[in-house]
Amino acid sequence: RLNLCLYDMVHYGHSNQLRQAKAMGDYLIVGVHTDGEISQHKGPPVFTQDERYKMVRAIKWVDEIVEGAPYVTTLETLDKYTSDFCVHGDDITLTVDGKDTYEEVKRSGRYRECKRTQGVSTTDLVGRMLLMTKTHHSNIGHSDYQQHTDNFGKGPKGHSPWTGVSQFLQTSQKIIQFASGQEPQPGDTIIYVAGAFDLFHIGHVDFLEAVSRLSDKPYVIVGLHFDQEVNRYKGKNYPIMNVHERTLSVLACRYVSEVVIGAPYAVTRELLDHFKVDLVCHGKTEVHPDKDGSDPYAEPRKKGILHTVDSMNSLTTDSIVQRIIKNRLLFEARNQKKEAKEMAVIQAMKRREEEKGNQKGQHSY
């Protein structure tokens, strides 16, 4: 049994951390912090605690969650949940006064580390939302984006490797790690849904959970539209996450069996036949017409297999972006403060290494 603490915005980097953590043991308990704890130590969270509890529960590698987990992980916490050890990423988590939150469990040998996912951080995603340009669809080396990330995640003493921005590079290995690899079984109801699923959030989770409840044996296939297609019908700087990032976000959800990467906008007869689709579902959100003005759901509608699903959740990607914009100054201040703390720790670690080197040098005479 192992224990892992999560907080803040839930994204595919966290899902990858949970996947790695689960592989280290056989039962994964995830502690999720309250809004109060995050505000005190990090600054304002992007999602509320109830949203984060539900998001983490929907990640397929999670066996159990602890609501309101303490920010500092102690041996007492591990023992309370009969956990053998706790797992964290290879970045550092600091309290409001700059202390390592895992110091106690590290000292006792009940700490394991997993690799951070390159190219994703809450800092980076929030930066993309605020920038309102499309440079993140292709190349983050664009000067506007660079200027913004400098403002957003750069303290007075340079970049921290944990808060900085880097580019996500998709690999087939990563998709294999996230994919279930399960084929539909006899008796499964094959359900097809399509969309952007951008900034995968609790509105998406509620929708997919409602879809999976339509059958005792659901096999849910999610068709993800390419970035250009999403931008055609959503405009602005959408999607915030590119298609590779959206693929991993959706694959990590326990209600999803398969993902079509770059699905056609119109749900065609060929697609329905190819996947042997029994049911096509859409939420209560507006259906935008195809490029030629036609209804993208005309074929499933004609066949009588189109089903409208009410997720009972009105949260959209747009409303998340509005939250960020509203709290822009708080988020910018939060990231600069976080990075300044991390840089102070890096400097201290460097000094310790130098002192060790000096001592070794003295002993060699």
# chains A, B, ... in the order shown; residues from 1 in each chain; ligands from 1

call {"tool": "select_by_dssp", "arguments": {"residues": "region 245-339 of chain A", "states": "alpha helix (DSSP H)", "output": "JSON, numbers by chain"}}
result
{"A": [245, 246, 247, 248, 249, 250, 251, 269, 270, 271, 272, 273, 274, 298, 299, 300, 301, 302, 303, 317, 318, 319, 320, 321, 322, 323, 324, 325, 326, 328, 329, 330, 331, 332, 333, 334, 335, 336, 337, 338, 339]}

call {"tool": "residues_around", "arguments": {"residues": "Val309 (chain A)", "least_positions_apart": "4", "cutoff": "8 Å", "atoms": "only C-alpha atoms", "output": "ChimeraX atom specification"}}
result
/A:207,210-211,281-284

call {"tool": "write_last_selection", "arguments": {"atoms": "all heavy atoms", "output": "CSV table (one decimal), in the first residue's frame"}}
result
chain,number,residue,atom,x,y,z
A,207,PHE,N,-19.9,13.9,-17.4
A,207,PHE,CA,-20.5,13.5,-18.6
A,207,PHE,C,-20.1,12.0,-19.0
A,207,PHE,O,-21.0,11.2,-19.3
A,207,PHE,CB,-20.0,14.4,-19.8
A,207,PHE,CG,-20.4,13.9,-21.2
A,207,PHE,CD1,-21.7,13.9,-21.6
A,207,PHE,CD2,-19.4,13.5,-22.0
A,207,PHE,CE1,-22.1,13.4,-22.8
A,207,PHE,CE2,-19.7,13.0,-23.3
A,207,PHE,CZ,-21.1,13.0,-23.7
A,210,ALA,N,-21.8,9.6,-16.7
A,210,ALA,CA,-23.2,9.5,-17.0
A,210,ALA,C,-23.4,8.6,-18.3
A,210,ALA,O,-24.3,7.7,-18.3
A,210,ALA,CB,-23.8,10.8,-17.3
A,211,VAL,N,-22.5,8.7,-19.2
A,211,VAL,CA,-22.5,7.9,-20.5
A,211,VAL,C,-22.2,6.5,-20.1
A,211,VAL,O,-22.9,5.6,-20.6
A,211,VAL,CB,-21.4,8.4,-21.5
A,211,VAL,CG1,-21.1,7.4,-22.6
A,211,VAL,CG2,-21.8,9.8,-22.1
A,281,CYS,N,-23.4,9.4,-28.1
A,281,CYS,CA,-23.9,10.3,-27.1
A,281,CYS,C,-23.3,11.7,-27.3
A,281,CYS,O,-22.2,11.9,-27.7
A,281,CYS,CB,-23.6,9.8,-25.7
A,281,CYS,SG,-24.4,8.3,-25.3
A,282,HIS,N,-24.1,12.7,-26.9
A,282,HIS,CA,-23.7,14.1,-26.9
A,282,HIS,C,-24.2,14.8,-25.6
A,282,HIS,O,-25.3,14.4,-25.1
A,282,HIS,CB,-24.1,14.9,-28.1
A,282,HIS,CG,-23.5,16.2,-28.3
A,282,HIS,ND1,-23.9,17.3,-27.7
A,282,HIS,CD2,-22.3,16.5,-29.0
A,282,HIS,CE1,-23.1,18.3,-28.0
A,282,HIS,NE2,-22.1,17.9,-28.8
A,283,GLY,N,-23.5,15.7,-25.1
A,283,GLY,CA,-24.0,16.4,-23.9
A,283,GLY,C,-25.0,17.5,-24.3
A,283,GLY,O,-25.5,17.6,-25.4
A,284,LYS,N,-25.3,18.4,-23.3
A,284,LYS,CA,-26.3,19.4,-23.5
A,284,LYS,C,-25.7,20.7,-24.2
A,284,LYS,O,-26.4,21.6,-24.4
A,284,LYS,CB,-26.9,19.8,-22.1
A,284,LYS,CG,-27.7,18.8,-21.5
A,284,LYS,CD,-29.2,18.9,-21.9
A,284,LYS,CE,-30.1,18.1,-21.1
A,284,LYS,NZ,-31.5,18.4,-21.4

call {"tool": "closest_residue", "arguments": {"among": "A:His244, A:Ala252, A:Asp292, A:Ser39", "to": "Thr171 (chain A)", "atoms": "only C-alpha atoms"}}
result
A:His244

call {"tool": "closest_residue", "arguments": {"among": "A:Arg52, A:Ala179, A:Gly13, A:Thr73", "to": "Lys115 (chain A)", "atoms": "only C-alpha atoms"}}
result
A:Gly13

call {"tool": "select_by_dssp", "arguments": {"residues": "region 231-361 of chain A", "states": "strand (DSSP E)", "output": "list in words"}}
result
Glu258, Val259, Val260, Ile261, Leu279, Val280, Cys281, His282, Leu306, His307 and Thr308 of chain A

call {"tool": "closest_residue", "arguments": {"among": "A:Asp124, A:Phe178, A:Asp188, A:Lys291", "to": "Arg232 (chain A)", "atoms": "only C-alpha atoms"}}
result
A:Lys291

call {"tool": "residues_around", "arguments": {"residues": "Ser314 (chain A)", "least_positions_apart": "3", "cutoff": "10 Å", "atoms": "only C-alpha atoms", "output": "list in words"}}
result
Ile202, Gly203, His204, Asp206, Lys284, Thr285, Asp310, Ser311 and Ser319 of chain A

call {"tool": "write_last_selection", "arguments": {"atoms": "N, CA, C and O atoms", "output": "CSV table (one decimal), in the first residue's frame"}}
result
chain,number,residue,atom,x,y,z
A,202,ILE,N,-13.9,18.4,-14.4
A,202,ILE,CA,-15.0,17.7,-13.8
A,202,ILE,C,-16.3,17.6,-14.6
A,202,ILE,O,-17.0,16.7,-14.5
A,203,GLY,N,-16.5,18.6,-15.5
A,203,GLY,CA,-17.6,18.6,-16.4
A,203,GLY,C,-17.5,17.4,-17.3
A,203,GLY,O,-18.5,16.7,-17.6
A,204,HIS,N,-16.3,17.2,-17.8
A,204,HIS,CA,-16.1,16.0,-18.7
A,204,HIS,C,-16.2,14.7,-17.9
A,204,HIS,O,-16.8,13.7,-18.5
A,206,ASP,N,-18.1,14.1,-15.3
A,206,ASP,CA,-19.5,13.8,-15.0
A,206,ASP,C,-20.2,13.3,-16.2
A,206,ASP,O,-21.1,12.5,-16.2
A,284,LYS,N,-25.3,18.4,-23.3
A,284,LYS,CA,-26.3,19.4,-23.5
A,284,LYS,C,-25.7,20.7,-24.2
A,284,LYS,O,-26.4,21.6,-24.4
A,285,THR,N,-24.4,20.6,-24.4
A,285,THR,CA,-23.7,21.8,-25.0
A,285,THR,C,-24.1,21.9,-26.5
A,285,THR,O,-24.6,20.9,-27.1
A,310,ASP,N,-27.5,14.3,-20.0
A,310,ASP,CA,-27.3,15.5,-19.1
A,310,ASP,C,-26.4,15.1,-18.0
A,310,ASP,O,-26.7,14.2,-17.2
A,311,SER,N,-25.2,15.7,-18.0
A,311,SER,CA,-24.2,15.4,-16.9
A,311,SER,C,-24.6,16.1,-15.6
A,311,SER,O,-23.9,15.8,-14.6
A,319,SER,N,-15.4,28.4,-18.7
A,319,SER,CA,-15.6,28.9,-17.4
A,319,SER,C,-14.3,28.7,-16.5
A,319,SER,O,-14.0,29.6,-15.6

call {"tool": "residues_around", "arguments": {"residues": "Arg57 (chain A)", "least_positions_apart": "4", "cutoff": "10 Å", "atoms": "only C-alpha atoms", "output": "list in words"}}
result
Val30, Arg52, Tyr53, Trp61, Val62, Asp63, Glu64, Ile65, Val205, Cys253 and Arg254 of chain A

call {"tool": "write_last_selection", "arguments": {"atoms": "N, CA, C and O atoms", "output": "mmCIF file, in the first residue's frame"}}
result
data_model
loop_
_atom_site.group_PDB
_atom_site.id
_atom_site.type_symbol
_atom_site.label_atom_id
_atom_site.label_comp_id
_atom_site.auth_asym_id
_atom_site.auth_seq_id
_atom_site.Cartn_x
_atom_site.Cartn_y
_atom_site.Cartn_z
ATOM 1 N N VAL A 30 -4.607 8.182 -2.520
ATOM 2 C CA VAL A 30 -4.167 9.535 -2.878
ATOM 3 C C VAL A 30 -4.762 10.547 -1.903
ATOM 4 O O VAL A 30 -5.976 10.619 -1.745
ATOM 5 N N ARG A 52 -11.639 18.708 -7.184
ATOM 6 C CA ARG A 52 -10.392 17.930 -7.218
ATOM 7 C C ARG A 52 -10.586 16.522 -6.661
ATOM 8 O O ARG A 52 -10.023 15.556 -7.184
ATOM 9 N N TYR A 53 -11.409 16.385 -5.604
ATOM 10 C CA TYR A 53 -11.684 15.046 -5.056
ATOM 11 C C TYR A 53 -12.284 14.158 -6.154
ATOM 12 O O TYR A 53 -11.881 13.017 -6.344
ATOM 13 N N TRP A 61 -5.947 4.720 -12.074
ATOM 14 C CA TRP A 61 -4.958 4.026 -11.238
ATOM 15 C C TRP A 61 -5.208 4.225 -9.739
ATOM 16 O O TRP A 61 -4.503 3.661 -8.912
ATOM 17 N N VAL A 62 -6.201 5.027 -9.387
ATOM 18 C CA VAL A 62 -6.451 5.379 -7.981
ATOM 19 C C VAL A 62 -7.418 4.377 -7.344
ATOM 20 O O VAL A 62 -8.485 4.103 -7.872
ATOM 21 N N ASP A 63 -7.025 3.836 -6.180
ATOM 22 C CA ASP A 63 -7.892 2.892 -5.461
ATOM 23 C C ASP A 63 -8.732 3.578 -4.390
ATOM 24 O O ASP A 63 -9.834 3.153 -4.092
ATOM 25 N N GLU A 64 -8.195 4.637 -3.808
ATOM 26 C CA GLU A 64 -8.891 5.300 -2.691
ATOM 27 C C GLU A 64 -8.363 6.725 -2.568
ATOM 28 O O GLU A 64 -7.202 6.966 -2.905
ATOM 29 N N ILE A 65 -9.207 7.661 -2.123
ATOM 30 C CA ILE A 65 -8.659 8.998 -1.864
ATOM 31 C C ILE A 65 -8.924 9.393 -0.413
ATOM 32 O O ILE A 65 -9.875 8.922 0.218
ATOM 33 N N VAL A 205 -15.695 14.661 -16.712
ATOM 34 C CA VAL A 205 -15.784 13.445 -15.889
ATOM 35 C C VAL A 205 -17.251 13.094 -15.638
ATOM 36 O O VAL A 205 -17.662 11.937 -15.808
ATOM 37 N N CYS A 253 -8.828 8.552 -17.741
ATOM 38 C CA CYS A 253 -10.139 8.495 -17.082
ATOM 39 C C CYS A 253 -10.664 7.061 -17.041
ATOM 40 O O CYS A 253 -10.670 6.366 -18.053
ATOM 41 N N ARG A 254 -11.137 6.644 -15.873
ATOM 42 C CA ARG A 254 -11.572 5.255 -15.691
ATOM 43 C C ARG A 254 -12.825 4.892 -16.492
ATOM 44 O O ARG A 254 -13.132 3.723 -16.668
#

call {"tool": "closest_residue", "arguments": {"among": "A:Pro70, A:Pro218, A:Phe200, A:His288", "to": "Val230 (chain A)", "atoms": "only C-alpha atoms"}}
result
A:His288

call {"tool": "decode", "arguments": {"residues": "region 39-63 of chain A", "atoms": "N, CA and C atoms", "output": "mmCIF file, in the first residue's frame"}}
result
data_model
loop_
_atom_site.group_PDB
_atom_site.id
_atom_site.type_symbol
_atom_site.label_atom_id
_atom_site.label_comp_id
_atom_site.auth_asym_id
_atom_site.auth_seq_id
_atom_site.Cartn_x
_atom_site.Cartn_y
_atom_site.Cartn_z
ATOM 1 N N SER A 39 -4.144 27.328 -0.453
ATOM 2 C CA SER A 39 -4.069 28.797 -0.424
ATOM 3 C C SER A 39 -2.966 29.260 0.513
ATOM 4 N N GLN A 40 -2.851 28.579 1.659
ATOM 5 C CA GLN A 40 -1.839 28.968 2.647
ATOM 6 C C GLN A 40 -0.417 28.721 2.138
ATOM 7 N N HIS A 41 -0.195 27.565 1.494
ATOM 8 C CA HIS A 41 1.172 27.184 1.131
ATOM 9 C C HIS A 41 1.568 27.533 -0.299
ATOM 10 N N LYS A 42 0.574 27.586 -1.215
ATOM 11 C CA LYS A 42 0.916 27.778 -2.635
ATOM 12 C C LYS A 42 0.254 28.984 -3.273
ATOM 13 N N GLY A 43 -0.918 29.357 -2.787
ATOM 14 C CA GLY A 43 -1.715 30.385 -3.455
ATOM 15 C C GLY A 43 -3.027 29.775 -3.907
ATOM 16 N N PRO A 44 -3.868 30.550 -4.611
ATOM 17 C CA PRO A 44 -5.228 30.088 -4.914
ATOM 18 C C PRO A 44 -5.245 28.860 -5.834
ATOM 19 N N PRO A 45 -6.016 27.807 -5.458
ATOM 20 C CA PRO A 45 -6.115 26.646 -6.358
ATOM 21 C C PRO A 45 -7.002 26.971 -7.558
ATOM 22 N N VAL A 46 -6.776 26.272 -8.671
ATOM 23 C CA VAL A 46 -7.564 26.497 -9.882
ATOM 24 C C VAL A 46 -8.949 25.855 -9.737
ATOM 25 N N PHE A 47 -8.979 24.619 -9.186
ATOM 26 C CA PHE A 47 -10.244 23.905 -8.974
ATOM 27 C C PHE A 47 -10.562 23.878 -7.487
ATOM 28 N N THR A 48 -11.840 23.799 -7.139
ATOM 29 C CA THR A 48 -12.228 23.703 -5.725
ATOM 30 C C THR A 48 -11.883 22.303 -5.208
ATOM 31 N N GLN A 49 -11.865 22.155 -3.875
ATOM 32 C CA GLN A 49 -11.497 20.847 -3.319
ATOM 33 C C GLN A 49 -12.479 19.750 -3.750
ATOM 34 N N ASP A 50 -13.780 20.064 -3.796
ATOM 35 C CA ASP A 50 -14.758 19.047 -4.203
ATOM 36 C C ASP A 50 -14.539 18.619 -5.654
ATOM 37 N N GLU A 51 -14.188 19.593 -6.509
ATOM 38 C CA GLU A 51 -13.884 19.271 -7.911
ATOM 39 C C GLU A 51 -12.649 18.381 -7.998
ATOM 40 N N ARG A 52 -11.639 18.708 -7.184
ATOM 41 C CA ARG A 52 -10.392 17.930 -7.218
ATOM 42 C C ARG A 52 -10.586 16.522 -6.661
ATOM 43 N N TYR A 53 -11.409 16.385 -5.604
ATOM 44 C CA TYR A 53 -11.684 15.046 -5.056
ATOM 45 C C TYR A 53 -12.284 14.158 -6.154
ATOM 46 N N LYS A 54 -13.247 14.714 -6.866
ATOM 47 C CA LYS A 54 -13.957 13.951 -7.900
ATOM 48 C C LYS A 54 -13.038 13.637 -9.086
ATOM 49 N N MET A 55 -12.206 14.617 -9.468
ATOM 50 C CA MET A 55 -11.268 14.426 -10.581
ATOM 51 C C MET A 55 -10.293 13.288 -10.283
ATOM 52 N N VAL A 56 -9.746 13.291 -9.073
ATOM 53 C CA VAL A 56 -8.745 12.278 -8.710
ATOM 54 C C VAL A 56 -9.400 10.895 -8.633
ATOM 55 N N ARG A 57 -10.622 10.839 -8.106
ATOM 56 C CA ARG A 57 -11.350 9.547 -8.050
ATOM 57 C C ARG A 57 -11.557 8.957 -9.443
ATOM 58 N N ALA A 58 -11.662 9.831 -10.455
ATOM 59 C CA ALA A 58 -11.941 9.364 -11.824
ATOM 60 C C ALA A 58 -10.693 8.857 -12.545
ATOM 61 N N ILE A 59 -9.495 9.024 -11.951
ATOM 62 C CA ILE A 59 -8.265 8.550 -12.592
ATOM 63 C C ILE A 59 -8.122 7.045 -12.334
ATOM 64 N N LYS A 60 -7.897 6.291 -13.391
ATOM 65 C CA LYS A 60 -8.063 4.832 -13.310
ATOM 66 C C LYS A 60 -7.050 4.096 -12.435
ATOM 67 N N TRP A 61 -5.947 4.720 -12.074
ATOM 68 C CA TRP A 61 -4.958 4.026 -11.238
ATOM 69 C C TRP A 61 -5.208 4.225 -9.739
ATOM 70 N N VAL A 62 -6.201 5.027 -9.387
ATOM 71 C CA VAL A 62 -6.451 5.379 -7.981
ATOM 72 C C VAL A 62 -7.418 4.377 -7.344
ATOM 73 N N ASP A 63 -7.025 3.836 -6.180
ATOM 74 C CA ASP A 63 -7.892 2.892 -5.461
ATOM 75 C C ASP A 63 -8.732 3.578 -4.390
#
